[in-house]
file start.txt (compact mmCIF, C-alpha atoms)
# COMPACT_ATOMS: atom_id res chain seq x y z
CA MET A 131 28.35 6.18 13.41
CA VAL A 132 24.98 7.84 12.94
CA ARG A 133 21.77 5.87 12.77
CA PHE A 134 19.30 6.96 10.09
CA LYS A 135 15.75 7.05 11.35
CA ASN A 136 13.03 5.68 9.12
CA ARG A 137 9.27 5.90 8.95
CA TYR A 138 7.07 3.02 7.94
CA VAL A 139 3.84 3.79 6.09
CA LEU A 140 1.19 1.08 6.25
CA CYS A 141 -1.15 1.21 3.25
CA GLU A 142 -4.02 -0.76 1.83
CA VAL A 143 -4.54 -1.33 -1.90
CA VAL A 144 -8.19 -0.58 -2.66
CA SER A 145 -9.57 -1.74 -5.98
CA GLU A 146 -12.92 -2.72 -7.42
CA ASP A 147 -11.27 -5.41 -9.54
CA PRO A 148 -10.49 -8.48 -7.36
CA ARG A 149 -7.78 -9.56 -9.82
CA CYS A 150 -5.80 -6.45 -8.92
CA ARG A 151 -4.83 -7.70 -5.47
CA GLN A 152 -3.82 -11.11 -6.75
CA CYS A 153 -1.52 -9.75 -9.45
CA ILE A 154 0.33 -6.96 -7.65
CA GLU A 155 4.03 -7.23 -6.97
CA ASP A 156 6.26 -5.18 -4.70
CA ARG A 157 8.20 -3.88 -7.70
CA ALA A 158 4.99 -2.58 -9.32
CA VAL A 159 3.95 -0.82 -6.12
CA GLY A 160 7.39 0.75 -5.72
CA LEU A 161 7.42 2.02 -9.31
CA ALA A 162 3.89 3.44 -9.02
CA VAL A 163 4.74 5.28 -5.79
CA ARG A 164 8.00 6.65 -7.21
CA ASP A 165 6.14 7.82 -10.31
CA ALA A 166 3.52 9.59 -8.16
CA ILE A 167 6.22 11.29 -6.07
CA GLY A 168 7.94 12.47 -9.26
CA ARG A 169 4.68 13.88 -10.67
CA VAL A 170 3.70 15.66 -7.46
CA HIS A 171 7.03 16.87 -6.05
CA GLY A 172 9.33 16.79 -9.08
CA ASP A 173 12.98 15.84 -9.08
CA TYR A 174 13.59 17.23 -5.59
CA GLY A 175 10.88 15.09 -3.99
CA LEU A 176 11.91 12.04 -5.95
CA ALA A 177 15.54 12.43 -4.89
CA CYS A 178 14.61 12.96 -1.22
CA CYS A 179 12.32 9.93 -1.09
CA SER A 180 14.45 7.59 -3.19
CA ILE A 181 17.37 7.57 -0.74
CA SER A 182 16.00 4.76 1.39
CA PHE A 183 12.56 4.13 -0.11
CA THR A 184 11.63 0.47 -0.29
CA VAL A 185 8.59 -1.78 -0.15
CA LYS A 186 9.25 -3.80 2.99
CA TYR A 187 6.14 -5.98 2.97
CA LEU A 188 3.39 -6.80 0.50
CA ASN A 189 0.53 -9.17 1.12
CA ALA A 190 -1.27 -9.62 -2.18
CA TYR A 191 -4.10 -11.57 -0.54
CA THR A 192 -5.10 -8.81 1.89
CA GLY A 193 -3.75 -5.89 -0.14
CA THR A 194 -1.52 -4.67 2.70
CA VAL A 195 1.65 -2.76 1.80
CA LEU A 196 4.39 -1.52 4.13
CA LEU A 197 6.62 1.23 2.73
CA ARG A 198 9.85 2.50 4.30
CA CYS A 199 11.40 5.92 3.78
CA ARG A 200 13.62 8.33 5.68
CA LYS A 201 12.08 10.26 8.54
CA ASP A 202 12.90 13.58 6.86
CA SER A 203 10.92 12.79 3.72
CA TYR A 204 7.93 10.72 4.90
CA ARG A 205 5.60 13.71 4.49
CA LEU A 206 6.51 13.91 0.81
CA LEU A 207 5.73 10.21 0.47
CA CYS A 208 2.40 10.45 2.30
CA SER A 209 1.30 13.47 0.28
CA ALA A 210 2.01 11.65 -3.00
CA LEU A 211 0.19 8.40 -2.14
CA PRO A 212 -3.30 9.69 -3.10
CA PHE A 213 -1.98 10.27 -6.62
CA VAL A 214 -1.32 6.57 -7.22
CA ARG A 215 -4.22 5.70 -9.52
CA GLN A 216 -3.14 2.42 -11.08
CA LEU A 217 -0.68 -0.42 -10.71
CA GLU A 218 0.96 -2.02 -13.71
CA SER A 219 1.83 -5.68 -13.45
CA ARG A 220 2.55 -8.17 -16.21
CA ASN A 221 1.78 -5.56 -18.90
CA GLN A 222 -1.72 -4.96 -17.52
CA ARG A 223 -2.92 -1.88 -15.70
CA TYR A 224 -5.23 -2.21 -12.75
CA PRO A 225 -7.07 0.90 -11.51
CA CYS A 226 -6.71 1.22 -7.74
CA PHE A 227 -5.60 3.60 -5.03
CA LEU A 228 -3.57 3.38 -1.83
CA ASN A 229 -5.32 4.10 1.45
CA THR A 230 -2.87 5.14 4.20
CA LEU A 231 -3.70 3.30 7.42
CA HIS A 232 -0.82 4.16 9.76
CA VAL A 233 2.58 5.84 9.94
CA GLY A 234 4.98 4.40 12.49
CA GLY A 235 8.60 4.50 13.55
CA THR A 236 9.08 0.71 13.60
CA ILE A 237 7.73 -2.29 11.78
CA ARG A 238 6.51 -3.64 15.11
CA THR A 239 4.21 -0.67 15.76
CA CYS A 240 2.77 -1.09 12.28
CA GLN A 241 2.17 -4.79 12.99
CA LYS A 242 0.37 -3.96 16.23
CA PHE A 243 -1.79 -1.39 14.47
CA LEU A 244 -2.59 -3.84 11.67
CA ILE A 245 -3.77 -6.44 14.18
CA GLN A 246 -6.09 -3.91 15.84
CA TYR A 247 -7.31 -2.71 12.44
CA ASN A 248 -8.06 -6.28 11.32
CA ARG A 249 -9.93 -6.95 14.56
CA ARG A 250 -12.12 -3.90 13.99
CA GLN A 251 -12.80 -5.01 10.41
CA LEU A 252 -13.72 -8.51 11.61
CA LEU A 253 -16.07 -7.05 14.21
CA LEU A 254 -17.81 -5.08 11.48
CA LEU A 255 -18.14 -8.28 9.44
CA LEU A 256 -19.49 -10.09 12.51
CA GLN A 257 -22.33 -7.58 12.79
CA ASN A 258 -23.30 -8.17 9.15
CA CYS A 259 -23.34 -12.00 9.31
CA THR A 260 -26.36 -13.71 7.81
CA ASN A 261 -26.00 -17.25 9.16
CA GLU A 262 -24.48 -19.06 12.12
CA GLU A 263 -21.66 -20.71 10.15
CA GLU A 264 -20.29 -17.34 9.01
CA ARG A 265 -20.55 -16.05 12.57
CA ARG A 266 -18.51 -18.97 13.97
CA CYS A 267 -15.85 -18.59 11.27
CA ILE A 268 -15.40 -14.87 11.99
CA GLN A 269 -15.35 -15.45 15.76
CA LYS A 270 -12.60 -18.03 15.25
CA SER A 271 -10.64 -15.50 13.18
CA LEU A 272 -11.07 -12.87 15.90
CA LEU A 273 -9.68 -15.20 18.55
CA SER A 274 -6.65 -16.07 16.41
CA CYS A 275 -5.58 -12.42 15.94
CA SER A 276 -2.43 -12.02 18.02
CA LEU A 277 1.18 -11.02 17.65
CA THR A 278 3.50 -13.82 18.74
CA GLU A 279 6.85 -13.16 20.36
CA GLU A 280 9.84 -14.40 18.40
CA GLN A 281 13.25 -14.89 19.91
CA SER A 282 15.69 -12.15 19.12
CA GLN A 283 18.76 -13.39 17.28
CA SER A 284 20.76 -10.24 17.99
CA GLY A 285 20.23 -10.10 21.76
CA ASP A 286 21.08 -12.78 24.31
CA GLU A 287 21.89 -15.97 22.45
CA GLU A 288 22.01 -19.32 24.16
CA ASP A 289 24.24 -22.31 23.47
CA ASP A 290 22.83 -25.81 23.12
CA ASP A 291 23.34 -26.44 26.83
CA GLY A 292 21.26 -23.38 27.80
CA THR A 293 24.04 -21.05 28.93
CA GLU A 294 24.31 -17.52 27.60
CA THR A 295 27.27 -16.49 25.47
CA ASP A 296 29.19 -13.25 25.87

call {"tool": "encode", "arguments": {"input": "start.txt", "output": "structure tokens"}}
result
Amino acid sequence: MVRFKNRYVLCEVVSEDPRCRQCIEDRAVGLAVRDAIGRVHGDYGLACCSISFTVKYLNAYTGTVLLRCRKDSYRLLCSALPFVRQLESRNQRYPCFLNTLHVGGTIRTCQKFLIQYNRRQLLLLLQNCTNEEERRCIQKSLLSCSLTEEQSQSGDEEDDDGTETD
């Protein structure tokens, strides 16, 4: 059996309208990206990217989007992302664009990059603080930025008595 390699593209939804981030859905992002790929690369590009294209993660609060596609066609996807100009959700169109932050081979590498990126953004905010209360709040956020280890369900599993199963 052959394993298909994927690429994960971490993007940020940038919009002047704050309502845009609150109203976006993963389906709307997926349709907008597919439409941009079809406009830029035609039927060939759309067929190549649609094989395993999916929106793996969407955080509407921060505007973070994680897209997955095949390794062979991630360049087509990345080249079409600047042509996403609006997202349509609930019969309303919101002008915005997608800013590519990182391209990785696993979701974990994208998570690690996102943590470092958020830390840098918080440090920039810390420099622009006007009062002490804002400064303390941002410092608390900086200290809480970490990636916690979760137990793997597919690896070594333990019974209730603590012994490993084969």

call {"tool": "closest_residue", "arguments": {"input": "start.txt", "among": "A:Tyr191, A:Tyr174, A:Phe183, A:Tyr247", "to": "A:Tyr204", "atoms": "all atoms listed in the file"}}
result
A:Phe183

call {"tool": "atom_distance", "arguments": {"input": "start.txt", "atom1": "atom CA of A:Val143", "atom2": "atom CA of A:Thr260"}}
result
26.9 Å

call {"tool": "atom_distance", "arguments": {"input": "start.txt", "atom1": "atom CA of A:Ile181", "atom2": "atom CA of A:Arg200"}}
result
7.5 Å

call {"tool": "closest_residue", "arguments": {"input": "start.txt", "among": "A:Gln152, A:Thr192, A:Ser203, A:Ser219", "to": "A:Leu176", "atoms": "only C-alpha atoms"}}
result
A:Ser203

call {"tool": "atom_distance", "arguments": {"input": "start.txt", "atom1": "atom CA of A:His232", "atom2": "atom CA of A:Cys141"}}
result
7.2 Å

call {"tool": "closest_residue", "arguments": {"input": "start.txt", "among": "A:Arg238, A:Lys270, A:Arg151, A:Arg164", "to": "A:Leu252", "atoms": "all atoms listed in the file"}}
result
A:Lys270

call {"tool": "axis_aligned_box", "arguments": {"input": "start.txt", "around": "stretch 196-215 of chain A", "padding_each_side": "8 Å", "output": "JSON"}}
result
{"center_x": 4.7, "center_y": 6.2, "center_z": -0.5, "size_x": 33.8, "size_y": 31.4, "size_z": 34.1}

call {"tool": "closest_residue", "arguments": {"input": "start.txt", "among": "A:Arg266, A:Arg249, A:Lys186, A:Lys242", "to": "A:Val159", "atoms": "all atoms listed in the file"}}
result
A:Lys186

call {"tool": "closest_residue", "arguments": {"input": "start.txt", "among": "A:Asn136, A:Asn221, A:Thr194, A:Asn248", "to": "A:Ser271", "atoms": "all atoms listed in the file"}}
result
A:Asn248

call {"tool": "closest_residue", "arguments": {"input": "start.txt", "among": "A:Cys259, A:Cys267, A:Leu197, A:Val144", "to": "A:Gly234", "atoms": "all atoms listed in the file"}}
result
A:Leu197

call {"tool": "residues_around", "arguments": {"input": "start.txt", "residues": "A:Val170", "least_positions_apart": "6", "cutoff": "9 Å", "atoms": "all atoms listed in the file", "output": "list in words"}}
result
Leu206, Ser209, Ala210 and Phe213 of chain A

call {"tool": "residues_near_point", "arguments": {"input": "start.txt", "point": "(5.0, -9.8, -16.2)", "cutoff": "10 Å", "atoms": "all atoms listed in the file", "output": "PyMOL selection string"}}
result
chain A and resi 153+155+158+218-222
